Every structure is written in C-alpha cells, then in structure tokens.
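Trainee: Enclosed is the structure file my_file_39.pdb (PDB, C-alpha atoms and all ligand atoms).
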```
ATOM      1  CA  MET A  23     -63.202 -27.372 -16.919
ATOM      2  CA  ALA A  24     -60.338 -29.621 -15.965
ATOM      3  CA  ASN A  25     -57.998 -29.792 -18.952
ATOM      4  CA  TYR A  26     -57.645 -33.539 -18.644
ATOM      5  CA  ILE A  27     -60.494 -36.054 -18.595
ATOM      6  CA  VAL A  28     -60.144 -39.747 -17.890
ATOM      7  CA  GLY A  29     -63.007 -41.992 -19.000
ATOM      8  CA  LEU A  30     -63.750 -44.871 -16.646
ATOM      9  CA  THR A  31     -65.779 -47.758 -17.960
ATOM     10  CA  GLY A  32     -66.432 -51.467 -17.705
ATOM     11  CA  GLY A  33     -69.280 -53.901 -18.140
ATOM     12  CA  ILE A  34     -72.167 -54.247 -15.719
ATOM     13  CA  GLY A  35     -70.964 -55.288 -12.262
ATOM     14  CA  SER A  36     -67.287 -54.869 -13.161
ATOM     15  CA  GLY A  37     -66.642 -52.501 -10.258
ATOM     16  CA  LYS A  38     -66.919 -49.013 -11.787
ATOM     17  CA  THR A  39     -68.671 -47.570  -8.755
ATOM     18  CA  THR A  40     -66.267 -49.272  -6.346
ATOM     19  CA  ILE A  41     -63.172 -48.011  -8.188
ATOM     20  CA  SER A  42     -64.678 -44.527  -8.638
ATOM     21  CA  ARG A  43     -65.022 -44.287  -4.853
ATOM     22  CA  PHE A  44     -61.296 -44.981  -4.497
ATOM     23  CA  PHE A  45     -60.498 -42.081  -6.829
ATOM     24  CA  GLU A  46     -62.937 -39.871  -4.909
ATOM     25  CA  GLN A  47     -61.169 -40.773  -1.676
ATOM     26  CA  LEU A  48     -58.029 -39.294  -3.255
ATOM     27  CA  GLY A  49     -59.907 -36.069  -3.932
ATOM     28  CA  VAL A  50     -60.675 -36.648  -7.602
ATOM     29  CA  THR A  51     -64.035 -35.457  -8.909
ATOM     30  CA  VAL A  52     -65.995 -38.182 -10.658
ATOM     31  CA  VAL A  53     -68.784 -37.223 -13.030
ATOM     32  CA  ASP A  54     -71.147 -40.195 -13.244
ATOM     33  CA  ALA A  55     -72.954 -40.500 -16.580
ATOM     34  CA  ASP A  56     -75.530 -42.839 -15.017
ATOM     35  CA  ILE A  57     -76.543 -40.258 -12.426
ATOM     36  CA  ILE A  58     -76.771 -37.572 -15.108
ATOM     37  CA  ALA A  59     -78.867 -39.874 -17.313
ATOM     38  CA  ARG A  60     -81.270 -40.416 -14.408
ATOM     39  CA  GLU A  61     -81.534 -36.691 -13.685
ATOM     40  CA  VAL A  62     -82.368 -35.967 -17.323
ATOM     41  CA  VAL A  63     -85.641 -37.875 -16.916
ATOM     42  CA  ALA A  64     -86.444 -36.634 -13.411
ATOM     43  CA  LYS A  65     -89.992 -35.447 -12.702
ATOM     44  CA  GLY A  66     -90.702 -32.133 -14.411
ATOM     45  CA  LYS A  67     -87.804 -32.361 -16.850
ATOM     46  CA  PRO A  68     -88.630 -31.739 -20.547
ATOM     47  CA  ALA A  69     -87.245 -35.143 -21.601
ATOM     48  CA  LEU A  70     -89.709 -36.924 -19.302
ATOM     49  CA  GLU A  71     -92.614 -34.985 -20.791
ATOM     50  CA  LYS A  72     -91.512 -36.031 -24.291
ATOM     51  CA  ILE A  73     -91.300 -39.668 -23.169
ATOM     52  CA  ALA A  74     -94.799 -39.494 -21.697
ATOM     53  CA  GLN A  75     -96.132 -37.954 -24.921
ATOM     54  CA  HIS A  76     -94.502 -40.699 -26.969
ATOM     55  CA  PHE A  77     -95.270 -43.779 -24.859
ATOM     56  CA  GLY A  78     -98.429 -42.552 -23.147
ATOM     57  CA  LYS A  79     -99.095 -41.685 -19.529
ATOM     58  CA  GLU A  80     -98.774 -45.307 -18.423
ATOM     59  CA  ILE A  81     -95.010 -44.860 -18.680
ATOM     60  CA  LEU A  82     -95.264 -42.740 -15.517
ATOM     61  CA  LEU A  83     -95.650 -44.023 -11.991
ATOM     62  CA  GLU A  84     -98.468 -42.696  -9.824
ATOM     63  CA  ASN A  85     -96.113 -40.159  -8.297
ATOM     64  CA  GLY A  86     -95.302 -38.775 -11.760
ATOM     65  CA  GLU A  87     -91.833 -40.275 -11.935
ATOM     66  CA  LEU A  88     -90.642 -42.431 -14.797
ATOM     67  CA  ASN A  89     -91.467 -46.132 -14.616
ATOM     68  CA  ARG A  90     -87.959 -47.223 -15.541
ATOM     69  CA  ALA A  91     -88.720 -50.934 -15.529
ATOM     70  CA  LEU A  92     -91.606 -50.469 -17.979
ATOM     71  CA  LEU A  93     -89.536 -48.244 -20.256
ATOM     72  CA  ARG A  94     -86.702 -50.774 -20.241
ATOM     73  CA  GLU A  95     -89.180 -53.482 -21.158
ATOM     74  CA  LYS A  96     -90.692 -51.402 -23.977
ATOM     75  CA  ILE A  97     -87.353 -50.711 -25.645
ATOM     76  CA  PHE A  98     -85.550 -53.961 -24.957
ATOM     77  CA  HIS A  99     -87.065 -55.874 -27.872
ATOM     78  CA  ASP A 100     -87.979 -52.902 -30.033
ATOM     79  CA  ALA A 101     -85.046 -51.410 -31.922
ATOM     80  CA  GLN A 102     -87.130 -48.557 -33.308
ATOM     81  CA  GLU A 103     -88.368 -47.401 -29.911
ATOM     82  CA  LYS A 104     -84.873 -47.772 -28.535
ATOM     83  CA  ALA A 105     -83.501 -45.601 -31.329
ATOM     84  CA  TRP A 106     -86.178 -42.972 -30.673
ATOM     85  CA  LEU A 107     -85.283 -42.855 -26.996
ATOM     86  CA  ASN A 108     -81.550 -42.699 -27.699
ATOM     87  CA  GLN A 109     -82.023 -39.837 -30.139
ATOM     88  CA  LEU A 110     -83.910 -37.920 -27.481
ATOM     89  CA  MET A 111     -81.624 -38.708 -24.582
ATOM     90  CA  HIS A 112     -78.088 -38.775 -25.931
ATOM     91  CA  PRO A 113     -77.663 -35.131 -26.932
ATOM     92  CA  ILE A 114     -79.149 -33.957 -23.607
ATOM     93  CA  ILE A 115     -76.997 -36.343 -21.580
ATOM     94  CA  ARG A 116     -73.880 -35.325 -23.484
ATOM     95  CA  GLN A 117     -74.661 -31.640 -22.926
ATOM     96  CA  ASP A 118     -75.229 -32.181 -19.196
ATOM     97  CA  ILE A 119     -72.023 -34.244 -18.914
ATOM     98  CA  LEU A 120     -70.072 -31.412 -20.539
ATOM     99  CA  ALA A 121     -71.709 -28.943 -18.149
ATOM    100  CA  ALA A 122     -70.744 -31.125 -15.160
ATOM    101  CA  LEU A 123     -67.170 -31.450 -16.447
ATOM    102  CA  THR A 124     -67.019 -27.663 -16.809
ATOM    103  CA  GLN A 125     -67.782 -27.371 -13.100
ATOM    104  CA  CYS A 126     -65.097 -29.890 -12.246
ATOM    105  CA  SER A 127     -61.917 -28.418 -10.846
ATOM    106  CA  GLY A 128     -58.757 -30.294  -9.987
ATOM    107  CA  ASP A 129     -55.856 -31.474 -12.117
ATOM    108  CA  TYR A 130     -57.983 -33.979 -13.926
ATOM    109  CA  CYS A 131     -61.527 -35.346 -13.731
ATOM    110  CA  ILE A 132     -63.028 -38.746 -14.241
ATOM    111  CA  LEU A 133     -66.042 -39.398 -16.417
ATOM    112  CA  SER A 134     -67.545 -42.700 -15.300
ATOM    113  CA  ALA A 135     -69.830 -44.192 -17.938
ATOM    114  CA  PRO A 136     -70.962 -47.794 -18.460
ATOM    115  CA  LEU A 137     -71.403 -47.096 -22.192
ATOM    116  CA  LEU A 138     -68.396 -44.825 -22.671
ATOM    117  CA  PHE A 139     -67.374 -46.427 -25.965
ATOM    118  CA  GLU A 140     -70.846 -47.456 -27.141
ATOM    119  CA  ASN A 141     -72.066 -43.870 -26.829
ATOM    120  CA  LYS A 142     -68.834 -42.366 -28.165
ATOM    121  CA  LEU A 143     -68.238 -40.441 -24.966
ATOM    122  CA  ASN A 144     -64.567 -41.271 -25.466
ATOM    123  CA  GLU A 145     -64.636 -38.379 -27.961
ATOM    124  CA  ILE A 146     -64.454 -36.046 -24.970
ATOM    125  CA  THR A 147     -61.903 -37.968 -22.889
ATOM    126  CA  ASN A 148     -58.114 -37.807 -23.079
ATOM    127  CA  ARG A 149     -57.559 -41.320 -21.812
ATOM    128  CA  ASN A 150     -59.671 -44.354 -20.945
ATOM    129  CA  LEU A 151     -59.505 -46.674 -17.975
ATOM    130  CA  VAL A 152     -61.295 -50.003 -18.215
ATOM    131  CA  ILE A 153     -62.335 -52.029 -15.173
ATOM    132  CA  ASP A 154     -62.146 -55.657 -16.197
ATOM    133  CA  VAL A 155     -63.582 -58.828 -14.685
ATOM    134  CA  SER A 156     -64.716 -62.182 -16.053
ATOM    135  CA  PRO A 157     -68.364 -62.569 -17.133
ATOM    136  CA  ALA A 158     -68.767 -65.106 -14.296
ATOM    137  CA  SER A 159     -67.870 -62.424 -11.735
ATOM    138  CA  GLN A 160     -70.082 -59.863 -13.477
ATOM    139  CA  ILE A 161     -73.013 -62.261 -13.157
ATOM    140  CA  ALA A 162     -72.253 -63.307  -9.574
ATOM    141  CA  ARG A 163     -71.787 -59.726  -8.333
ATOM    142  CA  THR A 164     -74.711 -58.190 -10.210
ATOM    143  CA  THR A 165     -77.230 -60.871  -9.174
ATOM    144  CA  LYS A 166     -76.061 -60.400  -5.593
ATOM    145  CA  ARG A 167     -76.352 -56.591  -5.803
ATOM    146  CA  ASP A 168     -79.585 -56.172  -7.799
ATOM    147  CA  SER A 169     -82.815 -58.119  -7.967
ATOM    148  CA  VAL A 170     -81.994 -59.588 -11.368
ATOM    149  CA  ASN A 171     -81.364 -63.150 -12.466
ATOM    150  CA  GLN A 172     -78.494 -64.657 -14.429
ATOM    151  CA  GLN A 173     -80.349 -64.486 -17.784
ATOM    152  CA  GLN A 174     -81.053 -60.782 -17.333
ATOM    153  CA  VAL A 175     -77.408 -60.020 -16.589
ATOM    154  CA  GLU A 176     -76.326 -62.126 -19.568
ATOM    155  CA  ALA A 177     -78.711 -60.154 -21.805
ATOM    156  CA  ILE A 178     -77.241 -56.870 -20.559
ATOM    157  CA  ILE A 179     -73.686 -58.128 -21.091
ATOM    158  CA  ALA A 180     -74.660 -59.181 -24.631
ATOM    159  CA  SER A 181     -76.057 -55.685 -25.322
ATOM    160  CA  GLN A 182     -72.749 -54.019 -24.383
ATOM    161  CA  ILE A 183     -69.548 -54.098 -26.453
ATOM    162  CA  SER A 184     -67.543 -57.261 -26.008
ATOM    163  CA  ARG A 185     -64.906 -57.600 -23.325
ATOM    164  CA  GLU A 186     -62.236 -57.895 -26.051
ATOM    165  CA  GLN A 187     -63.365 -54.750 -27.847
ATOM    166  CA  ARG A 188     -63.504 -52.804 -24.608
ATOM    167  CA  LEU A 189     -60.030 -53.931 -23.586
ATOM    168  CA  SER A 190     -58.653 -53.057 -27.018
ATOM    169  CA  LEU A 191     -59.860 -49.462 -26.511
ATOM    170  CA  ALA A 192     -58.342 -49.169 -23.029
ATOM    171  CA  ASP A 193     -55.275 -47.073 -22.247
ATOM    172  CA  ASP A 194     -55.218 -48.436 -18.694
ATOM    173  CA  ILE A 195     -56.832 -51.505 -17.167
ATOM    174  CA  ILE A 196     -57.694 -52.382 -13.585
ATOM    175  CA  GLU A 197     -58.290 -56.068 -13.187
ATOM    176  CA  ASN A 198     -60.931 -56.440 -10.445
ATOM    177  CA  GLU A 199     -61.219 -60.206 -10.167
ATOM    178  CA  SER A 200     -59.794 -60.583  -6.681
ATOM    179  CA  ALA A 201     -62.131 -60.254  -3.707
ATOM    180  CA  ASP A 202     -59.245 -58.491  -1.980
ATOM    181  CA  LEU A 203     -59.706 -54.893  -3.111
ATOM    182  CA  SER A 204     -56.358 -53.698  -1.729
ATOM    183  CA  GLN A 205     -54.589 -54.419  -5.044
ATOM    184  CA  ALA A 206     -57.138 -52.438  -6.998
ATOM    185  CA  LYS A 207     -56.829 -49.629  -4.475
ATOM    186  CA  GLN A 208     -53.073 -49.580  -4.910
ATOM    187  CA  GLN A 209     -53.497 -49.436  -8.681
ATOM    188  CA  VAL A 210     -55.783 -46.436  -8.221
ATOM    189  CA  VAL A 211     -53.070 -44.652  -6.228
ATOM    190  CA  GLN A 212     -50.558 -45.315  -9.017
ATOM    191  CA  LEU A 213     -52.958 -44.289 -11.778
ATOM    192  CA  ASN A 214     -53.849 -41.118  -9.879
ATOM    193  CA  ALA A 215     -50.179 -40.103  -9.859
ATOM    194  CA  LYS A 216     -49.915 -40.952 -13.552
ATOM    195  CA  TYR A 217     -53.003 -38.905 -14.450
ATOM    196  CA  GLN A 218     -51.794 -35.938 -12.402
ATOM    197  CA  ASN A 219     -48.532 -36.065 -14.348
ATOM    198  CA  LEU A 220     -50.252 -36.363 -17.706
ATOM    199  CA  ALA A 221     -52.625 -33.513 -16.851
ATOM    200  CA  ALA A 222     -49.715 -31.274 -15.887
ATOM    201  CA  LYS A 223     -47.989 -31.720 -19.265
TER
HETATM  202  P1  LIG B 301     -70.522 -51.390 -11.484
HETATM  203  O1  LIG B 301     -70.610 -49.984 -10.956
HETATM  204  O2  LIG B 301     -69.464 -51.551 -12.542
HETATM  205  O3  LIG B 301     -71.824 -51.980 -11.923
HETATM  206  P2  LIG B 301     -69.992 -52.074  -8.704
HETATM  207  O4  LIG B 301     -68.832 -51.246  -8.291
HETATM  208  O5  LIG B 301     -71.351 -51.654  -8.240
HETATM  209  O6  LIG B 301     -69.990 -52.320 -10.288
HETATM  210  O7  LIG B 301     -69.705 -53.571  -8.259
HETATM  211  C1  LIG B 301     -70.688 -54.588  -8.431
HETATM  212  C2  LIG B 301     -70.887 -55.313  -7.111
HETATM  213  O8  LIG B 301     -69.733 -56.102  -6.847
HETATM  214  C3  LIG B 301     -71.069 -54.380  -5.927
HETATM  215  O9  LIG B 301     -71.986 -54.963  -5.026
HETATM  216  C4  LIG B 301     -69.673 -54.305  -5.325
HETATM  217  O10 LIG B 301     -69.713 -54.076  -3.943
HETATM  218  C5  LIG B 301     -69.111 -55.688  -5.631
HETATM  219  N1  LIG B 301     -67.663 -55.696  -5.888
HETATM  220  C6  LIG B 301     -66.927 -54.763  -6.539
HETATM  221  N2  LIG B 301     -65.631 -55.143  -6.599
HETATM  222  C7  LIG B 301     -65.534 -56.349  -6.007
HETATM  223  C8  LIG B 301     -64.453 -57.272  -5.744
HETATM  224  N3  LIG B 301     -63.199 -57.028  -6.140
HETATM  225  N4  LIG B 301     -64.753 -58.411  -5.089
HETATM  226  C9  LIG B 301     -66.013 -58.697  -4.700
HETATM  227  N5  LIG B 301     -67.074 -57.878  -4.892
HETATM  228  C10 LIG B 301     -66.853 -56.711  -5.540
END
```
Would you give me this structure, written as structure tokens?

Mentor:
Amino acid sequence: MANYIVGLTGGIGSGKTTISRFFEQLGVTVVDADIIAREVVAKGKPALEKIAQHFGKEILLENGELNRALLREKIFHDAQEKAWLNQLMHPIIRQDILAALTQCSGDYCILSAPLLFENKLNEITNRNLVIDVSPASQIARTTKRDSVNQQQVEAIIASQISREQRLSLADDIIENESADLSQAKQQVVQLNAKYQNLAAK
C-alpha cells in the first residue's frame, strides 16, 4: 500500500477522468471508485445476486448483467430503496478500494471518486484534490458526452454535495473551465511534484 493517498473528486462532468489520465501519464496509479463500483455488481458477483433477490429478476438484462438504467430509476425517487442499496454496496466497495490501494505501488496513489466526500472516502485519504468547473460547463460537457439531457444532469448535480461544500473540503483545486487543457496539465505536473514531496516526508 502506498503510504500516501490523494483523493480526486469533482461533480459530474468536471473532468475527473481527464485529469486522472494526466496523472497516469506521469506514472501515477489511479484507483477509480466508479470502476470498482461497477465490478462489484458484475455478473456472478454476490452483490448482484442480492440485488436480484431484492428487486426481482427483472432488474437483470437478458444476458444476466445488471440493468443499470432500471436500477437507477428504481432508487432515484425512493429513499428507502436507495438506502438499502447503499447499505449493501458501500462496505463492499470500500473493501475493494482498500484492496486496490494495497496493490498500488509508487510514492503515492490517487483514489478517484465522484462521491469522495459524500461517501466519506476521504477518511482513507491524506489529501483531497477537487476538480472544479461551473455548473454550466458540467451540463454542456455531460450532455455532449452521455445521452442525457440538461434536466437529468441538473438532477445529478443536485444529488451531489454543493460546489461550495466540495471546495471547502479541498486541499488542492484544479480549475478546469478553460477548453485549453494545457494549464490543467501543467497544474498536474506541479501537484505531482508536491505529492511526491509530501509522500516522502
Ligand atoms: P468526469 O470524469 O468528471 O465526469 P470527464 O473527464 O469525463 O469528467 O469530462 C467530461 C467531458 O468533458 C468529457 O467528454 C471530456 O472530454 C470533456 N472535458 C474535460 N475537460 C475539458 C475541458 N477543459 N474543456 C472541454 N472539454 C473538457
């Protein structure tokens, strides 16, 4: 396990994946909580079986994989179902994240998680980096990237902690408003040096 873990977070469409790639290009290992969360409910995994028992077989696609869109729909307006799912998923995800971080060598590792603060994953990080953009850019970039409309992105933004709260919890901030990514890339180079220093202390 790397002795130093940097949490990387930001709202939907803020540029977490883009910035993570820049760190990876510098040789930093990035553990992606989203990928781990998806693997937890992969076909044949115990968590998926529990979900199918709870919601019924119609929650599965014909190929036996999870129907993510249907599950999202079922929990979006139902706090109780959402709580049930979170109680099932969170401990497993946290355990798998810790396992992935244990495998991570290097001076420091990055844990990229959209809900780093919401899910208290900052309990296991030494420092937190927030990727920040305006809601207008979040909406423009997410609707361009995914097949979602403005209202859906707004609903997701509303379900996450506020921009102000997130920024208040940040140790470092990358502002990703500019379409020219060279500034952000330069900031990553500087932060990488900083994190290497902090990890060596
Ligand atoms: P996240 O992982 O936080 O959801 P992404 O890194 O996937 O965000 O970025 C959202 C979308 O916006 C992607 O299609 C990405 O290519 C694009 N994007 C990221 N940064 C910028 C930027 N500075 N200018 C314009 N588009 C960007």

Trainee: Please provide the set of residues having any atom within 8 Å of A:Asp194, restricted to only C-alpha atoms, with same-chain residues fewer than 4 positions apart removed, written as JSON, numbers by chain.

Mentor: {"A": [150, 151, 152]}

Trainee: Evaluate the PyMOL selection byres (((not hetatm)) within 7 of (chain B and resi 301)) here and jot the selected residues down as a PDB file with C-alpha atoms, in the coordinates of the input.

Mentor:
```pdb
ATOM      1  CA  GLY A  32     -66.432 -51.467 -17.705  1.00  0.00           C
ATOM      2  CA  GLY A  33     -69.280 -53.901 -18.140  1.00  0.00           C
ATOM      3  CA  ILE A  34     -72.167 -54.247 -15.719  1.00  0.00           C
ATOM      4  CA  GLY A  35     -70.964 -55.288 -12.262  1.00  0.00           C
ATOM      5  CA  SER A  36     -67.287 -54.869 -13.161  1.00  0.00           C
ATOM      6  CA  GLY A  37     -66.642 -52.501 -10.258  1.00  0.00           C
ATOM      7  CA  LYS A  38     -66.919 -49.013 -11.787  1.00  0.00           C
ATOM      8  CA  THR A  39     -68.671 -47.570  -8.755  1.00  0.00           C
ATOM      9  CA  THR A  40     -66.267 -49.272  -6.346  1.00  0.00           C
ATOM     10  CA  ILE A  41     -63.172 -48.011  -8.188  1.00  0.00           C
ATOM     11  CA  ARG A 163     -71.787 -59.726  -8.333  1.00  0.00           C
ATOM     12  CA  THR A 164     -74.711 -58.190 -10.210  1.00  0.00           C
ATOM     13  CA  LYS A 166     -76.061 -60.400  -5.593  1.00  0.00           C
ATOM     14  CA  ARG A 167     -76.352 -56.591  -5.803  1.00  0.00           C
ATOM     15  CA  ASN A 198     -60.931 -56.440 -10.445  1.00  0.00           C
ATOM     16  CA  GLU A 199     -61.219 -60.206 -10.167  1.00  0.00           C
ATOM     17  CA  SER A 200     -59.794 -60.583  -6.681  1.00  0.00           C
ATOM     18  CA  ALA A 201     -62.131 -60.254  -3.707  1.00  0.00           C
ATOM     19  CA  ASP A 202     -59.245 -58.491  -1.980  1.00  0.00           C
ATOM     20  CA  LEU A 203     -59.706 -54.893  -3.111  1.00  0.00           C
TER      21      LEU A 203
END
```

Trainee: Kindly resolve the PyMOL selection byres (((chain A and resi 221) around 8) and not hetatm) on the present coordinates and return the residues as a PyMOL selection string.

Mentor: chain A and resi 25-26+129-130+217-220+222-223

Trainee: Skipping near chain neighbours, those fewer than 6 positions away, what residues fall within 12 Å of A:Asn171 using only C-alpha atoms, listed as a short mmCIF file (atom, residue, chain, number, x, y, z; two decimals) with C-alpha atoms, in the frame of the given file?

Mentor:
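File written: result_1.cif
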```
data_model
loop_
_atom_site.label_atom_id
_atom_site.label_comp_id
_atom_site.auth_asym_id
_atom_site.auth_seq_id
_atom_site.Cartn_x
_atom_site.Cartn_y
_atom_site.Cartn_z
CA GLN A 160 -70.08 -59.86 -13.48
CA ILE A 161 -73.01 -62.26 -13.16
CA ALA A 162 -72.25 -63.31 -9.57
CA ARG A 163 -71.79 -59.73 -8.33
CA THR A 164 -74.71 -58.19 -10.21
CA THR A 165 -77.23 -60.87 -9.17
CA ALA A 177 -78.71 -60.15 -21.80
CA ILE A 178 -77.24 -56.87 -20.56
#
```

Trainee: Closest to A:Arg116 among A:Ala192, A:Ala74, A:Val170, A:Ile146, using all atoms listed in the file?

Mentor: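 Once distances to A:Arg116 are computed over all atoms listed in the file, the minimum belongs to A:Ile146.
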
Trainee: Might you spell out which residues the PyMOL selection byres (((chain A and resi 51) around 12) and not hetatm) would select in the displayed file, as number ranges by chain?

Mentor: A: 23-24, 26-28, 42-50, 52-54, 122-134, 214

Trainee: In terms of the shortest atom-to-atom distance over all atoms listed in the file, which of A:Lys67, A:Asp154, A:Gly29, A:Asp193 is closest to A:Ala206?

Mentor: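 Distance minimum relative to A:Ala206 lands on A:Asp154.
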
Trainee: Could you jot down the atom CA of A:Ile119 to atom CA of A:Asn89 separation for me, Å, one decimal place?

Mentor: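 That distance, rounded to one decimal, is 23.2 Å.
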
Trainee: Please indicate the distance in Å from atom CA of A:Ala69 to atom CA of A:Leu88, rounded to one decimal place.

Mentor: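 A separation of 10.5 Å between them.
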
Trainee: Record the distance separating atom CA of A:Ile58 and atom CA of A:Gln117, expressed in Å with one decimal.

Mentor: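 Going from atom CA of A:Ile58 over to atom CA of A:Gln117, I get 10.0 Å.
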
Trainee: Contacts of A:Arg90 at 10 Å or less, counting all atoms listed in the file, minus same-chain residues fewer than 4 places along, as a list in words?

Mentor: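 Result of the neighbour search: Arg60, Val63, Ile81, Leu82, Leu83, Arg94, Glu95 and Lys96 of chain A.
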
Trainee: Restricting it to C-alpha atoms, dump the selection as a short mmCIF file (atom, residue, chain, number, x, y, z; two decimals), in the frame of the given file.

Mentor:
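Output (result_10.cif):
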```cif
data_model
loop_
_atom_site.label_atom_id
_atom_site.label_comp_id
_atom_site.auth_asym_id
_atom_site.auth_seq_id
_atom_site.Cartn_x
_atom_site.Cartn_y
_atom_site.Cartn_z
CA ARG A 60 -81.27 -40.42 -14.41
CA VAL A 63 -85.64 -37.88 -16.92
CA ILE A 81 -95.01 -44.86 -18.68
CA LEU A 82 -95.26 -42.74 -15.52
CA LEU A 83 -95.65 -44.02 -11.99
CA ARG A 94 -86.70 -50.77 -20.24
CA GLU A 95 -89.18 -53.48 -21.16
CA LYS A 96 -90.69 -51.40 -23.98
#
```

Trainee: Go ahead and fit an axis-aligned box to every listed atom of stretch 41-53 of chain A plus 3 Å each side, and pass me the centre and edge lengths in Å, one decimal, as AutoDock Vina command-line options.

Mentor:
```
--center_x -63.4 --center_y -41.7 --center_z -7.4 --size_x 16.8 --size_y 18.6 --size_z 17.4
```

Trainee: Rank A:Gln182, A:Leu138, A:Trp106, A:Ser169 by their smallest atom-to-atom distance to A:Ala91, using only C-alpha atoms, and report the top residue only.

Mentor: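 Among A:Gln182, A:Leu138, A:Trp106, A:Ser169, it is A:Ser169 that comes nearest to A:Ala91.
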
Trainee: Pick out the closest residue to A:Ile115 from this set: A:Val211, A:Ala55, A:Leu30, A:Ala135. Count all atoms listed in the file.

Mentor: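 The shortest atom-to-atom distance to A:Ile115 comes from A:Ala55.
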
Trainee: I'd like the contact shell of A:Glu71 - 12 Å cut-off, only C-alpha atoms, skipping same-chain residues fewer than 4 positions apart - returned as a PyMOL selection string.

Mentor: chain A and resi 62-67+75-79+81-82+86-88+110

Trainee: Go ahead and save the picked residues with C-alpha atoms, as a tab-separated table (two decimals), in the coordinates of the input.

Mentor:
```
chain	number	residue	atom	x	y	z
A	62	VAL	CA	-82.37	-35.97	-17.32
A	63	VAL	CA	-85.64	-37.88	-16.92
A	64	ALA	CA	-86.44	-36.63	-13.41
A	65	LYS	CA	-89.99	-35.45	-12.70
A	66	GLY	CA	-90.70	-32.13	-14.41
A	67	LYS	CA	-87.80	-32.36	-16.85
A	75	GLN	CA	-96.13	-37.95	-24.92
A	76	HIS	CA	-94.50	-40.70	-26.97
A	77	PHE	CA	-95.27	-43.78	-24.86
A	78	GLY	CA	-98.43	-42.55	-23.15
A	79	LYS	CA	-99.10	-41.68	-19.53
A	81	ILE	CA	-95.01	-44.86	-18.68
A	82	LEU	CA	-95.26	-42.74	-15.52
A	86	GLY	CA	-95.30	-38.78	-11.76
A	87	GLU	CA	-91.83	-40.28	-11.94
A	88	LEU	CA	-90.64	-42.43	-14.80
A	110	LEU	CA	-83.91	-37.92	-27.48
```

Trainee: Between A:Ser181, A:Leu70, A:Ser204, A:Pro157, single out the one closest to A:His99, counting only C-alpha atoms.

Mentor: A:Ser181

Trainee: Have a look at A:Lys207, A:Gln174, A:His112, A:Leu213 and name the one nearest to A:Phe98; count only C-alpha atoms.

Mentor: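 Of A:Lys207, A:Gln174, A:His112, A:Leu213, the one nearest A:Phe98 is A:Gln174, counting only C-alpha atoms.
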